[in-house]
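entry-v2.txt follows; it contains compact mmCIF, C-alpha atoms and all ligand atoms.
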# COMPACT_ATOMS: atom_id res chain seq x y z
CA MET A 1 -82.51 -58.84 36.96
CA SER A 2 -86.02 -59.15 38.39
CA ASP A 3 -89.25 -58.39 36.60
CA SER A 4 -89.78 -55.14 38.39
CA ASP A 5 -86.22 -54.02 37.67
CA PHE A 6 -86.98 -54.51 34.01
CA SER A 7 -90.23 -52.61 34.06
CA ASP A 8 -88.63 -49.81 36.02
CA SER A 9 -85.99 -49.54 33.39
CA PHE A 10 -88.52 -49.05 30.57
CA ALA A 11 -88.35 -45.56 29.20
CA SER A 12 -91.70 -44.08 30.11
CA ASP A 13 -91.26 -40.63 28.62
CA VAL A 14 -92.53 -40.51 25.06
CA ASP A 15 -90.53 -37.30 24.60
CA LEU A 16 -87.54 -39.57 24.07
CA PHE A 17 -88.65 -39.54 20.46
CA GLY A 18 -89.34 -36.41 18.46
CA PHE A 19 -92.70 -37.42 17.05
CA GLY A 20 -94.23 -38.81 20.24
CA ASP A 21 -96.49 -41.84 20.15
CA ASP A 22 -99.57 -42.99 18.28
CA GLU A 23 -102.04 -45.33 19.92
CA ASP A 24 -102.38 -47.41 16.75
CA TYR A 25 -98.77 -48.55 17.14
CA GLU A 26 -96.81 -50.24 19.87
CA SER A 27 -95.42 -47.75 22.35
CA SER A 28 -92.05 -46.39 21.28
CA ALA A 29 -91.04 -46.40 24.96
CA ALA A 30 -91.26 -50.22 24.88
CA TYR A 31 -88.10 -50.21 22.73
CA SER A 32 -85.71 -50.19 25.66
CA ILE A 33 -83.90 -52.66 27.92
CA GLY A 34 -86.15 -55.64 28.64
CA GLY A 35 -88.64 -54.47 26.03
CA LEU A 36 -89.45 -55.07 22.38
CA CYS A 37 -87.04 -56.33 19.77
CA PRO A 38 -86.20 -53.64 17.21
CA ILE A 39 -87.27 -55.17 13.91
CA LYS A 40 -87.58 -53.62 10.49
CA LEU A 41 -89.04 -54.93 7.27
CA GLY A 42 -86.58 -57.11 5.39
CA ASP A 43 -84.72 -58.30 8.51
CA VAL A 44 -83.90 -61.99 8.52
CA LEU A 45 -84.24 -63.71 11.91
CA GLY A 46 -83.04 -67.08 13.16
CA THR A 47 -79.67 -68.80 13.46
CA PRO A 48 -78.70 -69.47 10.73
CA PRO A 49 -80.77 -66.61 9.23
CA ARG A 50 -84.02 -68.17 8.05
CA TYR A 51 -87.15 -66.00 8.42
CA ARG A 52 -87.38 -62.86 6.27
CA VAL A 53 -89.76 -60.24 7.67
CA ILE A 54 -92.22 -59.19 4.97
CA SER A 55 -94.89 -57.23 6.78
CA LYS A 56 -96.19 -56.45 10.24
CA LEU A 57 -99.26 -58.35 11.45
CA GLY A 58 -99.86 -56.61 14.76
CA PHE A 59 -98.69 -56.03 18.27
CA GLY A 60 -99.88 -56.92 21.75
CA SER A 61 -98.95 -56.08 25.30
CA PHE A 62 -95.96 -58.42 25.14
CA SER A 63 -94.90 -58.69 21.55
CA THR A 64 -94.81 -57.58 17.97
CA VAL A 65 -96.02 -60.05 15.33
CA TRP A 66 -94.68 -60.24 11.77
CA LEU A 67 -95.50 -61.95 8.50
CA ALA A 68 -92.34 -63.72 7.39
CA ARG A 69 -91.10 -66.09 4.75
CA ASP A 70 -89.42 -69.27 5.91
CA ARG A 71 -86.55 -69.47 3.42
CA VAL A 72 -85.85 -73.11 4.22
CA LEU A 73 -89.34 -74.52 3.71
CA SER A 74 -90.60 -71.77 1.35
CA ARG A 75 -93.69 -71.09 3.41
CA THR A 76 -95.27 -68.04 4.98
CA VAL A 77 -95.36 -67.92 8.76
CA ALA A 78 -96.16 -65.56 11.63
CA LEU A 79 -93.30 -64.57 13.95
CA LYS A 80 -94.32 -63.48 17.43
CA VAL A 81 -91.32 -61.75 18.95
CA VAL A 82 -91.80 -61.19 22.67
CA LYS A 83 -90.40 -58.56 24.98
CA ALA A 84 -87.05 -59.54 26.46
CA GLU A 85 -88.41 -59.34 30.02
CA GLN A 86 -90.92 -62.08 29.10
CA THR A 87 -88.33 -64.51 27.77
CA GLY A 88 -88.06 -67.42 30.15
CA GLN A 89 -90.93 -66.00 32.26
CA SER A 90 -93.84 -67.15 30.21
CA ARG A 91 -95.40 -70.62 30.06
CA GLU A 92 -96.58 -69.99 26.49
CA LEU A 93 -93.81 -71.95 24.75
CA GLY A 94 -94.42 -75.13 26.80
CA ILE A 95 -98.15 -74.81 26.23
CA LEU A 96 -97.84 -74.30 22.47
CA GLN A 97 -95.52 -77.30 22.28
CA ARG A 98 -98.12 -79.41 24.03
CA LEU A 99 -100.71 -78.40 21.42
CA VAL A 100 -98.73 -79.36 18.34
CA VAL A 101 -100.58 -81.87 16.20
CA PRO A 102 -98.09 -83.66 13.91
CA ALA A 103 -98.82 -83.34 10.22
CA SER A 104 -98.88 -87.15 10.14
CA ALA A 105 -101.81 -87.32 12.62
CA PRO A 106 -105.01 -88.78 11.11
CA SER A 107 -106.64 -85.84 9.37
CA LYS A 108 -107.87 -83.83 12.33
CA ASN A 109 -108.31 -80.12 12.54
CA PRO A 110 -105.61 -79.09 15.06
CA CYS A 111 -108.01 -76.55 16.67
CA ALA A 112 -105.21 -74.59 18.40
CA ILE A 113 -102.73 -72.38 16.64
CA GLN A 114 -99.82 -74.53 15.53
CA LEU A 115 -96.27 -73.83 16.63
CA LEU A 116 -93.90 -74.52 13.73
CA ASP A 117 -90.60 -73.54 15.30
CA SER A 118 -89.21 -71.42 18.12
CA PHE A 119 -85.89 -69.78 18.81
CA GLU A 120 -84.36 -66.87 20.67
CA THR A 121 -82.92 -63.77 19.13
CA THR A 122 -80.74 -61.18 20.84
CA SER A 123 -81.06 -57.43 20.46
CA ALA A 124 -79.72 -54.43 22.37
CA ASN A 125 -82.78 -54.82 24.60
CA GLY A 126 -82.09 -58.41 25.64
CA VAL A 127 -82.94 -61.92 24.55
CA HIS A 128 -86.31 -62.33 22.86
CA GLN A 129 -88.31 -65.52 22.52
CA VAL A 130 -89.66 -65.96 19.00
CA PHE A 131 -92.63 -68.20 18.26
CA VAL A 132 -92.98 -69.27 14.65
CA THR A 133 -96.60 -70.19 14.02
CA GLU A 134 -99.03 -70.73 11.22
CA LEU A 135 -100.76 -67.66 9.88
CA THR A 136 -104.23 -66.98 11.25
CA VAL A 137 -106.82 -64.29 10.81
CA HIS A 138 -109.22 -63.10 13.48
CA LEU A 139 -112.65 -64.64 13.37
CA LEU A 140 -114.19 -61.24 13.93
CA ASP A 141 -113.07 -57.80 12.88
CA GLN A 142 -110.52 -55.99 14.95
CA PRO A 143 -111.35 -52.31 14.71
CA TRP A 144 -107.72 -51.29 15.14
CA ILE A 145 -106.60 -53.23 12.08
CA CYS A 146 -109.74 -52.14 10.18
CA SER A 147 -110.18 -55.59 8.76
CA ARG A 148 -113.11 -56.07 6.43
CA PHE A 149 -112.80 -59.84 6.75
CA ARG A 150 -115.75 -61.44 8.46
CA PRO A 151 -116.60 -65.06 7.81
CA ARG A 152 -120.13 -66.29 8.30
CA VAL A 153 -120.44 -67.46 11.88
CA THR A 154 -122.54 -70.57 11.69
CA LYS A 155 -123.36 -73.51 13.88
CA ASP A 156 -120.31 -75.19 12.36
CA VAL A 157 -118.05 -72.35 13.53
CA LEU A 158 -119.53 -72.42 17.06
CA ARG A 159 -119.08 -76.20 17.17
CA GLN A 160 -115.45 -75.79 16.14
CA THR A 161 -114.85 -73.34 18.99
CA VAL A 162 -116.17 -75.98 21.42
CA GLU A 163 -114.04 -78.66 19.75
CA ALA A 164 -111.04 -76.38 20.10
CA LEU A 165 -111.73 -75.88 23.79
CA ALA A 166 -112.28 -79.61 24.32
CA PHE A 167 -108.98 -80.23 22.57
CA ILE A 168 -106.91 -77.88 24.75
CA HIS A 169 -108.68 -79.08 27.90
CA SER A 170 -107.93 -82.68 26.93
CA ARG A 171 -104.25 -81.70 26.89
CA GLY A 172 -104.54 -80.43 30.46
CA ILE A 173 -104.61 -76.72 29.61
CA ALA A 174 -106.90 -73.96 30.89
CA HIS A 175 -106.89 -70.95 28.56
CA GLY A 176 -107.91 -68.09 30.84
CA ASP A 177 -108.46 -65.44 28.17
CA LEU A 178 -111.26 -66.55 25.89
CA HIS A 179 -112.95 -63.80 23.96
CA PRO A 180 -113.71 -63.31 20.27
CA ALA A 181 -110.29 -61.85 19.39
CA ASN A 182 -108.65 -65.03 20.65
CA PHE A 183 -110.39 -67.15 18.05
CA GLY A 184 -109.03 -67.19 14.54
CA LEU A 185 -109.11 -69.11 11.33
CA ALA A 186 -106.23 -70.90 9.70
CA VAL A 187 -105.35 -69.21 6.43
CA PRO A 188 -105.16 -71.76 3.63
CA ASP A 189 -102.90 -71.48 0.60
CA PHE A 190 -101.04 -68.31 1.56
CA ASP A 191 -97.75 -69.85 0.43
CA GLN A 192 -98.73 -69.27 -3.18
CA PHE A 193 -97.83 -65.56 -2.81
CA SER A 194 -94.17 -64.65 -3.25
CA ASP A 195 -92.62 -61.90 -1.13
CA ALA A 196 -92.65 -59.61 -4.16
CA ALA A 197 -96.29 -60.38 -4.86
CA ILE A 198 -97.28 -59.58 -1.27
CA TRP A 199 -95.44 -56.27 -1.40
CA GLU A 200 -97.02 -55.47 -4.73
CA MET A 201 -100.52 -56.33 -3.54
CA THR A 202 -100.40 -54.47 -0.22
CA ASP A 203 -100.32 -50.74 0.24
CA VAL A 204 -96.97 -49.25 1.18
CA PRO A 205 -97.11 -49.46 5.00
CA GLU A 206 -97.40 -46.22 6.88
CA THR A 207 -94.39 -45.62 9.07
CA TRP A 208 -93.79 -43.50 12.12
CA PRO A 209 -90.19 -42.33 12.39
CA LEU A 210 -88.42 -42.86 15.69
CA VAL A 211 -86.11 -39.89 16.01
CA PRO A 212 -84.38 -39.77 19.40
CA THR A 213 -84.28 -36.43 21.19
CA CYS A 214 -81.59 -37.40 23.67
CA ASP A 215 -78.72 -39.85 24.12
CA VAL A 216 -80.22 -43.32 23.90
CA ASP A 217 -78.75 -46.53 22.56
CA LEU A 218 -79.41 -46.26 18.85
CA ASN A 219 -79.56 -50.06 18.58
CA SER A 220 -82.45 -50.37 20.99
CA PHE A 221 -85.17 -49.14 18.61
CA PRO A 222 -85.96 -49.52 14.91
CA PRO A 223 -85.74 -46.49 12.59
CA TYR A 224 -89.52 -46.48 12.33
CA ILE A 225 -92.60 -48.15 13.68
CA CYS A 226 -94.78 -49.47 10.90
CA ASP A 227 -98.42 -50.10 10.36
CA ALA A 228 -99.79 -53.64 10.44
CA MET A 229 -101.06 -54.96 7.13
CA ASP A 230 -104.80 -55.44 6.90
CA LEU A 231 -104.65 -59.21 6.51
CA GLY A 232 -108.43 -59.50 6.35
CA ALA A 233 -108.71 -57.06 3.46
CA PHE A 234 -105.82 -58.80 1.72
CA LEU A 235 -107.54 -62.17 2.01
CA LEU A 236 -110.88 -60.84 0.83
CA GLN A 237 -109.27 -59.40 -2.25
CA TYR A 238 -106.72 -62.05 -3.15
CA LEU A 239 -107.79 -65.22 -1.36
CA PRO A 240 -111.57 -64.92 -1.01
CA LYS A 241 -111.95 -68.61 -0.29
CA ALA A 242 -110.37 -67.92 3.13
CA ALA A 243 -113.54 -66.02 4.00
CA ALA A 244 -115.82 -68.84 2.84
CA PRO A 245 -116.56 -72.23 4.36
CA PRO A 246 -115.19 -74.71 5.19
CA TYR A 247 -113.49 -72.87 8.05
CA SER A 248 -110.76 -74.16 10.25
CA VAL A 249 -111.07 -72.47 13.64
CA ARG A 250 -108.06 -71.98 15.92
CA ILE A 251 -107.78 -70.89 19.54
CA LEU A 252 -105.08 -68.24 19.82
CA ASP A 253 -103.00 -66.48 22.47
CA PHE A 254 -101.94 -68.82 25.25
CA GLY A 255 -100.23 -66.02 27.19
CA SER A 256 -102.56 -66.51 30.20
CA ALA A 257 -102.90 -70.29 29.95
CA TYR A 258 -101.58 -72.82 32.46
CA LEU A 259 -101.37 -76.56 33.00
CA VAL A 260 -104.11 -77.50 35.41
CA ASP A 261 -102.17 -80.42 36.87
CA GLY A 262 -99.21 -78.16 37.59
CA SER A 263 -98.87 -74.89 39.45
CA PRO A 264 -101.84 -72.93 40.82
CA SER A 265 -103.76 -70.76 38.38
CA PRO A 266 -102.02 -67.49 37.54
CA GLN A 267 -103.65 -64.07 37.91
CA TYR A 268 -106.65 -63.94 35.58
CA LYS A 269 -106.29 -61.25 32.90
CA THR A 270 -109.57 -61.51 31.02
CA PRO A 271 -111.69 -58.34 30.94
CA ALA A 272 -114.58 -58.41 33.44
CA TYR A 273 -117.10 -58.76 30.64
CA TYR A 274 -115.81 -62.24 29.68
CA SER A 275 -114.72 -63.31 33.18
CA ALA A 276 -116.44 -66.18 34.88
CA PRO A 277 -118.44 -65.35 38.03
CA GLU A 278 -115.88 -66.99 40.33
CA ILE A 279 -113.46 -64.25 39.27
CA ALA A 280 -115.87 -61.40 38.55
CA PHE A 281 -117.45 -61.59 41.96
CA SER A 282 -114.11 -61.62 43.81
CA ARG A 283 -112.91 -58.66 41.81
CA ALA A 284 -116.11 -56.70 42.28
CA SER A 285 -116.31 -57.34 46.00
CA LEU A 286 -112.59 -57.36 46.94
CA GLY A 287 -110.99 -55.12 44.30
CA LYS A 288 -109.77 -55.66 40.77
CA GLU A 289 -106.40 -57.08 41.82
CA ALA A 290 -108.07 -59.73 44.00
CA TYR A 291 -106.79 -63.24 43.32
CA ALA A 292 -109.39 -65.91 42.67
CA PRO A 293 -108.52 -69.44 41.58
CA TRP A 294 -109.83 -70.40 38.15
CA ASP A 295 -109.66 -73.42 35.91
CA GLN A 296 -111.08 -75.00 32.75
CA ARG A 297 -114.62 -74.49 34.01
CA SER A 298 -114.04 -70.73 33.87
CA ASP A 299 -113.28 -71.12 30.14
CA ILE A 300 -116.75 -72.61 29.62
CA TRP A 301 -118.37 -69.44 30.93
CA SER A 302 -116.16 -67.19 28.79
CA LEU A 303 -116.94 -69.26 25.71
CA ALA A 304 -120.69 -68.80 26.21
CA VAL A 305 -120.22 -65.02 26.44
CA THR A 306 -118.03 -65.23 23.34
CA PHE A 307 -120.84 -67.05 21.46
CA HIS A 308 -123.05 -64.05 22.03
CA ASN A 309 -120.54 -61.82 20.24
CA LEU A 310 -119.62 -64.36 17.57
CA VAL A 311 -123.18 -64.61 16.32
CA GLY A 312 -123.22 -60.84 16.05
CA ALA A 313 -125.18 -59.84 19.13
CA GLN A 314 -123.39 -57.31 21.30
CA GLY A 315 -123.74 -56.81 25.04
CA ILE A 316 -124.81 -60.06 26.65
CA TYR A 317 -125.57 -58.25 29.89
CA ASP A 318 -127.72 -55.35 28.79
CA GLU A 319 -127.27 -53.50 25.56
CA SER A 320 -129.39 -50.55 26.53
CA LEU A 321 -127.12 -49.63 29.44
CA MET A 322 -124.18 -47.35 29.01
CA GLY A 323 -121.40 -47.10 31.54
CA VAL A 324 -121.75 -50.59 33.02
CA THR A 325 -118.82 -51.15 35.38
CA ALA A 326 -117.08 -54.30 36.60
CA ASN A 327 -118.90 -53.81 39.90
CA ASP A 328 -122.24 -54.21 38.12
CA ILE A 329 -121.27 -57.47 36.45
CA PRO A 330 -122.29 -59.83 39.30
CA TYR A 331 -125.74 -58.24 39.26
CA PHE A 332 -126.12 -58.97 35.55
CA MET A 333 -124.71 -62.47 35.94
CA ALA A 334 -127.35 -63.25 38.55
CA SER A 335 -130.13 -61.96 36.28
CA LEU A 336 -128.90 -64.00 33.31
CA CYS A 337 -128.53 -67.18 35.38
CA GLY A 338 -131.74 -66.77 37.34
CA GLU A 339 -129.89 -67.43 40.59
CA MET A 340 -128.81 -65.39 43.58
CA PRO A 341 -126.17 -67.19 45.64
CA ASP A 342 -126.37 -66.47 49.37
CA ALA A 343 -122.76 -65.28 49.32
CA TRP A 344 -123.69 -62.59 46.80
CA ARG A 345 -126.78 -61.17 48.51
CA ASP A 346 -125.08 -58.62 50.76
CA TYR A 347 -122.88 -57.35 47.95
CA ILE A 348 -125.81 -56.98 45.54
CA ALA A 349 -128.05 -55.40 48.19
CA SER A 350 -125.40 -52.79 49.01
CA HIS A 351 -125.20 -51.55 45.41
CA GLU A 352 -127.46 -49.39 43.35
CA PRO A 353 -129.09 -51.87 40.89
CA PRO A 354 -127.77 -51.07 37.40
CA SER A 355 -131.00 -52.37 35.86
CA ASP A 356 -134.56 -52.99 36.95
CA ARG A 357 -134.27 -56.64 35.86
CA THR A 358 -133.42 -59.13 38.58
CA HIS A 359 -132.58 -62.82 38.71
CA GLU A 360 -136.32 -63.45 38.64
CA ASP A 361 -136.46 -62.12 35.07
CA ALA A 362 -134.01 -64.62 33.56
CA ASP A 363 -136.60 -66.43 31.42
CA GLU A 364 -137.88 -63.16 30.00
CA ILE A 365 -134.33 -61.96 29.27
CA TRP A 366 -133.53 -65.17 27.38
CA LYS A 367 -136.83 -65.04 25.49
CA GLU A 368 -135.80 -61.62 24.21
CA LYS A 369 -132.37 -62.96 23.26
CA GLU A 370 -133.99 -65.80 21.34
CA GLU A 371 -136.07 -63.28 19.39
CA GLN A 372 -132.99 -61.16 18.76
CA PHE A 373 -131.05 -64.20 17.45
CA ALA A 374 -133.97 -65.12 15.21
CA ALA A 375 -134.17 -61.60 13.80
CA MET A 376 -130.43 -61.76 13.08
CA GLY A 377 -130.75 -65.04 11.18
CA VAL A 378 -128.75 -67.08 13.72
CA ASP A 379 -129.08 -70.87 13.29
CA ASP A 380 -131.63 -72.50 15.60
CA PRO A 381 -132.15 -69.68 18.17
CA PRO A 382 -134.00 -71.82 20.76
CA GLY A 383 -131.23 -74.43 20.59
CA LEU A 384 -128.53 -71.80 21.01
CA VAL A 385 -130.31 -70.24 23.99
CA LYS A 386 -130.60 -73.64 25.67
CA LEU A 387 -126.93 -74.34 25.04
CA MET A 388 -125.80 -70.98 26.42
CA ARG A 389 -127.97 -71.37 29.51
CA ARG A 390 -126.32 -74.76 30.14
CA MET A 391 -122.93 -73.08 30.06
CA LEU A 392 -123.82 -69.92 32.01
CA VAL A 393 -124.18 -71.41 35.46
CA LEU A 394 -122.84 -69.53 38.46
CA ASP A 395 -121.47 -72.61 40.21
CA PRO A 396 -118.45 -73.82 38.18
CA ALA A 397 -118.99 -77.40 39.38
CA LYS A 398 -122.35 -77.45 37.61
CA ARG A 399 -121.06 -76.35 34.21
CA PRO A 400 -120.72 -79.05 31.56
CA THR A 401 -117.27 -79.85 30.22
CA ALA A 402 -116.36 -78.87 26.67
CA ALA A 403 -116.39 -82.56 25.67
CA GLU A 404 -119.95 -82.89 27.04
CA LEU A 405 -121.03 -79.81 25.12
CA LEU A 406 -120.14 -81.47 21.84
CA ASP A 407 -123.09 -83.79 22.43
CA ASP A 408 -125.48 -80.91 23.07
CA PRO A 409 -128.63 -81.13 20.91
CA TYR A 410 -127.64 -77.83 19.32
CA PHE A 411 -124.66 -79.52 17.70
CA VAL A 412 -126.05 -82.99 17.10
CA GLY A 413 -129.45 -81.88 15.90
CA LYS A 414 -130.13 -80.91 12.34
CA GLY A 415 -128.23 -77.77 11.52
CA ASP A 416 -126.85 -75.88 8.63
CA LYS A 417 -124.34 -77.63 6.45
CA ASP A 418 -121.86 -75.31 4.87
N1 LIG A 501 -100.53 -66.26 13.88
C1 LIG A 501 -100.90 -65.01 13.59
N2 LIG A 501 -101.28 -64.71 12.32
C2 LIG A 501 -101.66 -63.44 12.01
N3 LIG A 501 -101.69 -62.41 12.89
C3 LIG A 501 -101.32 -62.66 14.16
C4 LIG A 501 -100.91 -63.96 14.58
N4 LIG A 501 -100.60 -63.91 15.90
C5 LIG A 501 -100.82 -62.63 16.28
N5 LIG A 501 -101.25 -61.88 15.24
C6 LIG A 501 -101.57 -60.44 15.28
O1 LIG A 501 -100.79 -59.81 16.29
C7 LIG A 501 -101.60 -59.25 17.32
C8 LIG A 501 -100.93 -59.43 18.67
O2 LIG A 501 -100.81 -60.81 18.94
P1 LIG A 501 -101.09 -61.42 20.40
O3 LIG A 501 -102.45 -60.99 20.86
O4 LIG A 501 -100.79 -62.86 20.33
O5 LIG A 501 -99.97 -60.65 21.22
P2 LIG A 501 -99.73 -60.50 22.80
O6 LIG A 501 -98.44 -59.76 22.94
O7 LIG A 501 -99.86 -61.86 23.43
O8 LIG A 501 -100.88 -59.54 23.20
P3 LIG A 501 -102.06 -59.52 24.24
O9 LIG A 501 -101.73 -60.50 25.32
O10 LIG A 501 -102.10 -58.09 24.61
O11 LIG A 501 -103.25 -59.93 23.40
C9 LIG A 501 -102.93 -59.97 17.20
O12 LIG A 501 -103.98 -59.18 17.64
C10 LIG A 501 -103.01 -60.24 15.69
O13 LIG A 501 -103.51 -59.10 15.02
Please lay out the structure from this file as C-alpha cells.
Amino acid sequence: MSDSDFSDSFASDVDLFGFGDDEDYESSAAYSIGGLCPIKLGDVLGTPPRYRVISKLGFGSFSTVWLARDRVLSRTVALKVVKAEQTGQSRELGILQRLVVPASAPSKNPCAIQLLDSFETTSANGVHQVFVTELTVHLLDQPWICSRFRPRVTKDVLRQTVEALAFIHSRGIAHGDLHPANFGLAVPDFDQFSDAAIWEMTDVPETWPLVPTCDVDLNSFPPYICDAMDLGAFLLQYLPKAAAPPYSVRILDFGSAYLVDGSPSPQYKTPAYYSAPEIAFSRASLGKEAYAPWDQRSDIWSLAVTFHNLVGAQGIYDESLMGVTANDIPYFMASLCGEMPDAWRDYIASHEPPSDRTHEDADEIWKEKEEQFAAMGVDDPPGLVKLMRRMLVLDPAKRPTAAELLDDPYFVGKGDKD
C-alpha cells in the first residue's frame, strides 16, 4: 500500500466518536488503518513483553510517546510508538542508531538522545516502529504540557547545544528541524521511582473516552485518549536537581534528519521562523511547497535563531510586529544580516516592507539586542551578539561549522561556571 493510500484511508470525520476531538490530545481519527497504535496505560509492549506503559509523555504528528518501565533492566524509558504508515518509511531509526554512544565510551556527554532499543509491534492499524530511548525533558516550557520546568539557560547550556550539533554533524547527519522544542535535557536518576510511586505522585490522568458512533474496528482505537503527564512539574517537585546544573543537553527528534553523504536532502519541515535563508527565500518567492536543497549549514542558522529564544528573548525578527508572514521573513533576514543579495532585490522591492528597518540598520538592530540581553541578565551580551552574527550569514558557504563555533571567544572566554 502506498503512502497516499494510507492517508486516504485515515478516518477524517471526528463524528466517528461520540465526544469529538480535543486539540490537547492526538486526533482520534488517527486511530485507524496506517495510523496510531492503540495503547492504554498498563499495556506491556515488546516480544517477549518487556516495557510496561506507566504514563503518557506526549504526542507528535507521527507518534505517541509513553513513559514505560523496562522490566528486564529495571529502568524507566520513553517509548515512541510511530504511526504504522511511517514504519519502514522513516530514516529516524538508522540515524538514532548512528548516534548511540556506548556506555563504555570515555566519559563523554552523548549530546543526542540515546536509543536504548527498538522493535516493532503490531496492532489492528498495522505494524508500528517503537523507539526505546532515554527520558528527556524539554529545555524550555511547552505550553501544551504546561510544564513549569525551566532550567537556567547559561553559556554552558548554549555551548552544549553547539557541542551537540557538532557531534551529530561529525556523524554525517543534518538535523533539519532545530528549534527550542527539539533540545532537551537528560533526566538523571529517574529509575529511583517505582511504578507505584510514579502513579502515587502524579495526578490521575484526565481521559477522553473514545465511544464509536458507527461500525468501526473496535481494536483500532484505545478505550480512551489520556493526558500527558507534566514531566517538568514532576521533576521540579520530586527531582529538583534535574532543574539545576550541571545540565546534560540532548538534541531530539530526528524525524527530518538525513545522512549528508547519502540521498539528497528531504523536504524541509522547519517553520519559516527557524528556517535558513536558502529555504525561506525559495518558499517565500516560489511558494511554501517549493523544494530547496539544505544541509548542515542550514542547521547553523536555525541554531542561532534558537539561541535567541533559549536565552529568553522572543521574536528575533521584530517583536513589535504582529502578523509577520513567511513572505516577510527574507526582508527581516536581510535587515539582521546587513546584506541584500542581488537575487533577492526584485522580490523585496515587489513587497510592502513589513518594517521601516532595512539591511542598512543591522548594526543598530544588534545594538538593541545587546541591550535587551544585558537587561535580561544574559551572560556576556556583546560576546553572544558577535557569535550570533557569525552564524547568521545569508550565504551558507560563509557560515562557520559547529566545530569551529566551539572555539568562538564566547565559549572560550571567561564565562559563568555553574
Ligand atoms: N525521550 C522523551 N522523553 C520525554 N518525553 C518525550 C520524549 N520523546 C518525546 N517526548 C514527548 O513527546 C512529544 C512528541 O514527541 P516527538 O516530537 O518526538 O514526536 P513526533 O511524532 O516526531 O512529532 P513532531 O515531528 O510533530 O514533533 C514531545 O513533544 C515530548 O513532549
* Asked: So how many Å separate atom CA of A:Arg50 and atom CA of A:Lys80, to one decimal?
  ->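 Atom CA of A:Lys80 lies at a distance of 14.7 Å from atom CA of A:Arg50.
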* For A:Gly126, which residue among A:His138, A:His308, A:Arg98, A:Lys83 is the nearest when counting all atoms listed in the file? -> A:Lys83
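Neighbours of ligand LIG 501 (chain A) at a cut-off of 7 Å, computed so that only C-alpha atoms and all ligand atoms are counted, are the residues A:Leu57, A:Gly58, A:Phe59, A:Gly60, A:Ser61, A:Phe62, A:Ser63, A:Thr64, A:Val65, A:Ala78, A:Lys80, A:Val82, A:Thr133, A:Glu134, A:Leu135, A:Thr136, A:Val137, A:Leu252, A:Asp253, A:Gly255.
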* To do: For A:Cys337, list every protein, DNA or RNA residue within 9 Å, evaluated using all atoms listed in the file, and leave out those in the same chain fewer than 2 positions away; present the list as a PyMOL selection string.
  => chain A and resi 332-335+339-340+359+362+389+392-394
* To do: Find the residues with any atom within 7 Å of (-88.3, -68.1, 21.6); use only C-alpha atoms and the coordinates as given in the file, and write the answer as a ChimeraX atom specification.
  => /A:118-120,128-131
* Asked: Rounded to one decimal in Å, what is the spacing between atom CA of A:Ala164 and atom CA of A:Ala304?
  -> 13.7 Å
* **For A:Tyr268, the nearest of the candidates A:Ala349, A:Leu286, A:Ala242, A:Leu178, counting all atoms listed in the file** =>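 Of all the options, A:Leu178 lies closest to A:Tyr268.
Separating atom CA of A:Ile279 from atom CA of A:Ala292 is a distance of 5.6 Å.
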* Which residues, written as a list in words, have at least one atom at most 12 Å from A:Gln192, with all atoms listed in the file counted and residues fewer than 5 positions away on the same chain left out? -> Arg69, Ser74, Arg75, Thr76, Val187, Ala197, Ile198, Tyr238 and Leu239 of chain A
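Shortest separation to A:Arg297 among A:Cys37, A:Ala284, A:Met391, A:Val311 occurs at residue A:Met391, atoms counted being only C-alpha atoms.
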* Determine, counting only C-alpha atoms, which protein, DNA and RNA residues have an atom within 7 Å of an atom of A:Gly35; residues of the same chain fewer than 6 positions away are not included. Present the result as a PyMOL selection string. => chain A and resi 83-85+125
* To do: Go through A:Leu139, A:Ile54, A:Val127, A:Ile39 one by one, measure the shortest atom-to-atom distance of each to A:Ala196 using all atoms listed in the file, and give the residue with the smallest value.
  =>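 Looking at the shortest contact to A:Ala196, the residue is A:Ile54.
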* Just the residues within 12 Å of A:Ala243, please, counting all atoms listed in the file, with nothing from its chain fewer than 4 positions along; format it as a count of residues only. => 29
* Of the listed residues A:Ala174, A:Ile329, A:Leu336, A:Cys214, that which approaches A:Pro293 most closely, counting all atoms listed in the file ->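 Using all atoms listed in the file, A:Pro293 sits closest to A:Ala174.
Remark: for A:Tyr317, the closest of the candidate residues A:Pro271, A:Arg283, A:Asp215, A:Ile365 is A:Ile365 (distances computed over only C-alpha atoms).
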* If we count only C-alpha atoms, what is near A:Trp208 at a cut-off of 7 Å, once residues fewer than 4 positions away on the same chain are taken out, given as a PyMOL selection string? -> chain A and resi 224-226
Extract stretch 323-347 of chain A from the preceding block and save C-alpha atoms as an mmCIF file, in the first residue's frame.
data_model
loop_
_atom_site.group_PDB
_atom_site.id
_atom_site.type_symbol
_atom_site.label_atom_id
_atom_site.label_comp_id
_atom_site.auth_asym_id
_atom_site.auth_seq_id
_atom_site.Cartn_x
_atom_site.Cartn_y
_atom_site.Cartn_z
ATOM 1 C CA GLY A 323 1.084 39.220 11.846
ATOM 2 C CA VAL A 324 4.518 38.691 10.289
ATOM 3 C CA THR A 325 4.141 36.152 7.489
ATOM 4 C CA ALA A 326 6.595 33.731 5.875
ATOM 5 C CA ASN A 327 6.728 36.122 2.920
ATOM 6 C CA ASP A 328 8.156 38.838 5.184
ATOM 7 C CA ILE A 329 10.926 36.643 6.544
ATOM 8 C CA PRO A 330 13.509 37.316 3.784
ATOM 9 C CA TYR A 331 13.083 41.036 4.422
ATOM 10 C CA PHE A 332 13.867 40.570 8.116
ATOM 11 C CA MET A 333 16.752 38.222 7.358
ATOM 12 C CA ALA A 334 18.342 40.863 5.159
ATOM 13 C CA SER A 335 17.979 43.503 7.881
ATOM 14 C CA LEU A 336 19.503 41.241 10.534
ATOM 15 C CA CYS A 337 22.415 40.232 8.304
ATOM 16 C CA GLY A 338 23.059 43.683 6.876
ATOM 17 C CA GLU A 339 23.129 42.257 3.354
ATOM 18 C CA MET A 340 20.872 42.365 0.332
ATOM 19 C CA PRO A 341 21.771 39.664 -2.189
ATOM 20 C CA ASP A 342 21.180 40.666 -5.817
ATOM 21 C CA ALA A 343 18.911 37.649 -6.270
ATOM 22 C CA TRP A 344 16.632 38.965 -3.517
ATOM 23 C CA ARG A 345 16.275 42.576 -4.670
ATOM 24 C CA ASP A 346 13.332 42.134 -7.051
ATOM 25 C CA TYR A 347 11.417 40.026 -4.556
#
